[in-house]
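Novice: Here you go, query_19.pdb (PDB, C-alpha atoms):
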ATOM      1  CA  ALA A 206     173.242 156.934  95.968
ATOM      2  CA  VAL A 207     172.667 153.371  97.140
ATOM      3  CA  ALA A 208     173.085 154.387 100.777
ATOM      4  CA  GLU A 209     170.544 157.173 100.311
ATOM      5  CA  TRP A 210     168.111 154.755  98.649
ATOM      6  CA  ALA A 211     168.623 152.228 101.466
ATOM      7  CA  ARG A 212     167.894 154.874 104.100
ATOM      8  CA  ARG A 213     164.716 155.940 102.281
ATOM      9  CA  ASN A 214     163.639 152.293 102.086
ATOM     10  CA  SER A 215     164.856 151.234 105.510
ATOM     11  CA  ALA A 216     161.453 149.954 106.625
ATOM     12  CA  ILE A 217     161.278 147.525 103.690
ATOM     13  CA  LEU A 218     164.866 146.354 104.173
ATOM     14  CA  ARG A 219     164.377 145.854 107.899
ATOM     15  CA  GLN A 220     161.112 144.010 107.311
ATOM     16  CA  LEU A 221     162.785 141.618 104.862
ATOM     17  CA  ALA A 222     165.657 141.064 107.275
ATOM     18  CA  GLY A 223     163.212 140.297 110.073
ATOM     19  CA  GLN A 224     161.274 137.877 107.887
ATOM     20  CA  ALA A 225     164.517 136.151 106.914
ATOM     21  CA  GLY A 226     165.230 135.308 110.524
ATOM     22  CA  ALA A 227     161.888 133.524 110.789
ATOM     23  CA  LEU A 228     162.254 131.329 107.685
ATOM     24  CA  ASP A 229     161.922 127.596 108.257
ATOM     25  CA  GLY A 230     163.599 124.755 106.398
ATOM     26  CA  LEU A 231     166.884 126.489 105.688
ATOM     27  CA  ASN A 232     170.028 124.508 105.000
ATOM     28  CA  ALA A 233     173.171 125.288 106.999
ATOM     29  CA  LYS A 234     174.481 127.972 104.603
ATOM     30  CA  ALA A 235     171.118 129.698 104.362
ATOM     31  CA  ARG A 236     170.654 129.596 108.158
ATOM     32  CA  GLU A 237     174.139 131.080 108.609
ATOM     33  CA  SER A 238     173.251 133.878 106.172
ATOM     34  CA  ALA A 239     169.913 134.494 107.892
ATOM     35  CA  ASP A 240     171.619 134.608 111.293
ATOM     36  CA  ARG A 241     174.242 137.066 110.002
ATOM     37  CA  LEU A 242     171.415 139.193 108.592
ATOM     38  CA  SER A 243     169.606 139.153 111.932
ATOM     39  CA  ALA A 244     172.778 140.343 113.654
ATOM     40  CA  VAL A 245     173.147 143.251 111.215
ATOM     41  CA  LEU A 246     169.473 144.137 111.650
ATOM     42  CA  GLY A 247     170.267 145.617 115.056
ATOM     43  CA  GLU A 248     172.800 148.084 113.651
ATOM     44  CA  ASP A 249     171.929 151.706 112.946
ATOM     45  CA  ASP A 250     173.197 151.783 109.346
ATOM     46  CA  VAL A 251     170.597 150.084 107.153
ATOM     47  CA  THR A 252     173.047 149.870 104.240
ATOM     48  CA  GLY A 253     174.700 147.022 106.120
ATOM     49  CA  LEU A 254     171.659 144.879 105.310
ATOM     50  CA  LEU A 255     172.185 144.930 101.539
ATOM     51  CA  ALA A 256     175.082 142.482 101.252
ATOM     52  CA  PRO A 257     173.657 139.948 103.748
ATOM     53  CA  LEU A 258     170.274 140.074 101.972
ATOM     54  CA  ALA A 259     171.992 139.285  98.668
ATOM     55  CA  ASP A 260     174.016 136.522 100.304
ATOM     56  CA  LEU A 261     170.907 134.948 101.784
ATOM     57  CA  ARG A 262     169.191 134.970  98.399
ATOM     58  CA  ALA A 263     172.034 132.901  96.955
ATOM     59  CA  HIS A 264     171.476 130.183  99.584
ATOM     60  CA  LEU A 265     167.684 129.978  99.836
ATOM     61  CA  PRO A 266     166.114 126.594  99.079
ATOM     62  CA  ARG A 267     163.386 126.261  96.446
ATOM     63  CA  GLU A 268     160.520 126.380  98.923
ATOM     64  CA  HIS A 269     161.398 130.034  99.517
ATOM     65  CA  THR A 270     161.322 131.064  95.854
ATOM     66  CA  GLY A 271     158.895 133.939  96.481
ATOM     67  CA  PHE A 272     161.101 135.402  99.186
ATOM     68  CA  ALA A 273     164.172 134.933  96.983
ATOM     69  CA  GLU A 274     162.402 136.845  94.209
ATOM     70  CA  ARG A 275     161.704 139.759  96.573
ATOM     71  CA  LEU A 276     165.376 139.811  97.557
ATOM     72  CA  GLY A 277     166.301 139.686  93.881
ATOM     73  CA  GLU A 278     164.117 142.713  93.193
ATOM     74  CA  ILE A 279     165.924 144.620  95.935
ATOM     75  CA  GLY A 280     169.267 143.596  94.454
ATOM     76  CA  MET A 281     168.260 144.621  90.938
ATOM     77  CA  HIS A 282     166.913 147.931  92.169
ATOM     78  CA  THR A 283     170.041 148.794  94.159
ATOM     79  CA  GLU A 284     172.207 147.846  91.174
ATOM     80  CA  GLN A 285     170.125 150.172  88.965
ATOM     81  CA  VAL A 286     170.503 152.995  91.497
ATOM     82  CA  ARG A 287     174.261 152.383  91.492
ATOM     83  CA  ARG A 288     174.453 152.394  87.668
ATOM     84  CA  ASP A 289     172.341 155.555  87.454
ATOM     85  CA  ALA A 290     174.630 157.311  89.936
ATOM     86  CA  VAL A 291     177.727 156.284  87.955
ATOM     87  CA  ASP A 292     176.103 157.447  84.710
ATOM     88  CA  ASP A 293     175.117 160.771  86.291
ATOM     89  CA  ARG A 294     178.682 161.352  87.505
ATOM     90  CA  ARG A 295     180.075 160.410  84.106
ATOM     91  CA  ASP A 296     177.619 162.752  82.348
ATOM     92  CA  ARG A 297     178.447 165.641  84.689
ATOM     93  CA  HIS A 298     182.162 165.059  84.267
ATOM     94  CA  SER A 299     182.020 164.810  80.469
ATOM     95  CA  SER A 300     179.924 167.982  80.133
ATOM     96  CA  ARG A 301     182.609 170.100  81.761
TER      97      ARG A 301
END
Take the structure from the file and write it as structure tokens.

Specialist:
Amino acid sequence: AVAEWARRNSAILRQLAGQAGALDGLNAKARESADRLSAVLGEDDVTGLLAPLADLRAHLPREHTGFAERLGEIGMHTEQVRRDAVDDRRDRHSSR
């Protein structure tokens, strides 16, 4: 379910990943995360962007709070999609 959501929202995920590579004032850990994200950006499977986006969020300095909030929204949304998929499977299984 998360992979399907990521594919449907690939433009947004790729845009965020591209913006991450252009952020200024990053500490070493945040720059490493942004660089890893930029490397994954070139891959075909957009789902590979989800973990590096979450990792970058954890390392962003305060001056990038707005960007961190956007990444947090993506993380919360993907977690909700994951929970909904688990609940749907559980409901289908218990109704048998």

Novice: Restricting the calculation to only C-alpha atoms, which member of A:His264, A:Arg212, A:His269, A:Arg219 is positioned closest to Val245 of chain A?

Specialist: A:Arg219

Novice: In Å to one decimal, how far is atom CA of Asp296 of chain A from atom CA of Gly277 of chain A?

Specialist: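 Separating atom CA of Gly277 of chain A from atom CA of Asp296 of chain A is a distance of 28.2 Å.
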
Novice: Any idea what's packed within 10 Å of segment 248-255 of chain A, counting only C-alpha atoms, ignoring anything in its chain fewer than 3 positions away? Could you give it as number ranges by chain?

Specialist: A: 207-216, 218-219, 221-222, 241-245, 258-260, 276, 279-280, 283

Novice: Which distance in Å separates atom CA of Glu237 of chain A and atom CA of Thr270 of chain A, to one decimal?

Specialist: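 Value for the atom CA of Glu237 of chain A-atom CA of Thr270 of chain A distance: 18.1 Å.
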
Novice: Between A:Phe272, A:Met281, A:Gly247, A:Ala206, which residue has the minimum interatomic distance to Ala225 of chain A, considering only C-alpha atoms?

Specialist: A:Phe272

Novice: One number please: atom CA of Ala273 of chain A to atom CA of Ser238 of chain A, in Å, one decimal.

Specialist: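 Calculated distance between atom CA of Ala273 of chain A and atom CA of Ser238 of chain A is 13.0 Å.
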
Novice: For Gly230 of chain A, which residue out of A:Arg288, A:Ser300, A:Leu265, A:His282 is the nearest one, using all atoms listed in the file?

Specialist: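 Among the listed residues, A:Leu265 lies closest to Gly230 of chain A.
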
Novice: Find the residue from A:Ile217, A:Ala233, A:Val291, A:Val286 that sits nearest to Leu246 of chain A; use only C-alpha atoms when measuring.

Specialist: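 Closest candidate: A:Ile217.
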
Novice: Pick from A:Leu261, A:Arg297, A:Ala256, A:Asp240: nearest to Glu284 of chain A, with only C-alpha atoms counted?

Specialist: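 Of A:Leu261, A:Arg297, A:Ala256, A:Asp240, the one nearest Glu284 of chain A is A:Ala256, counting only C-alpha atoms.
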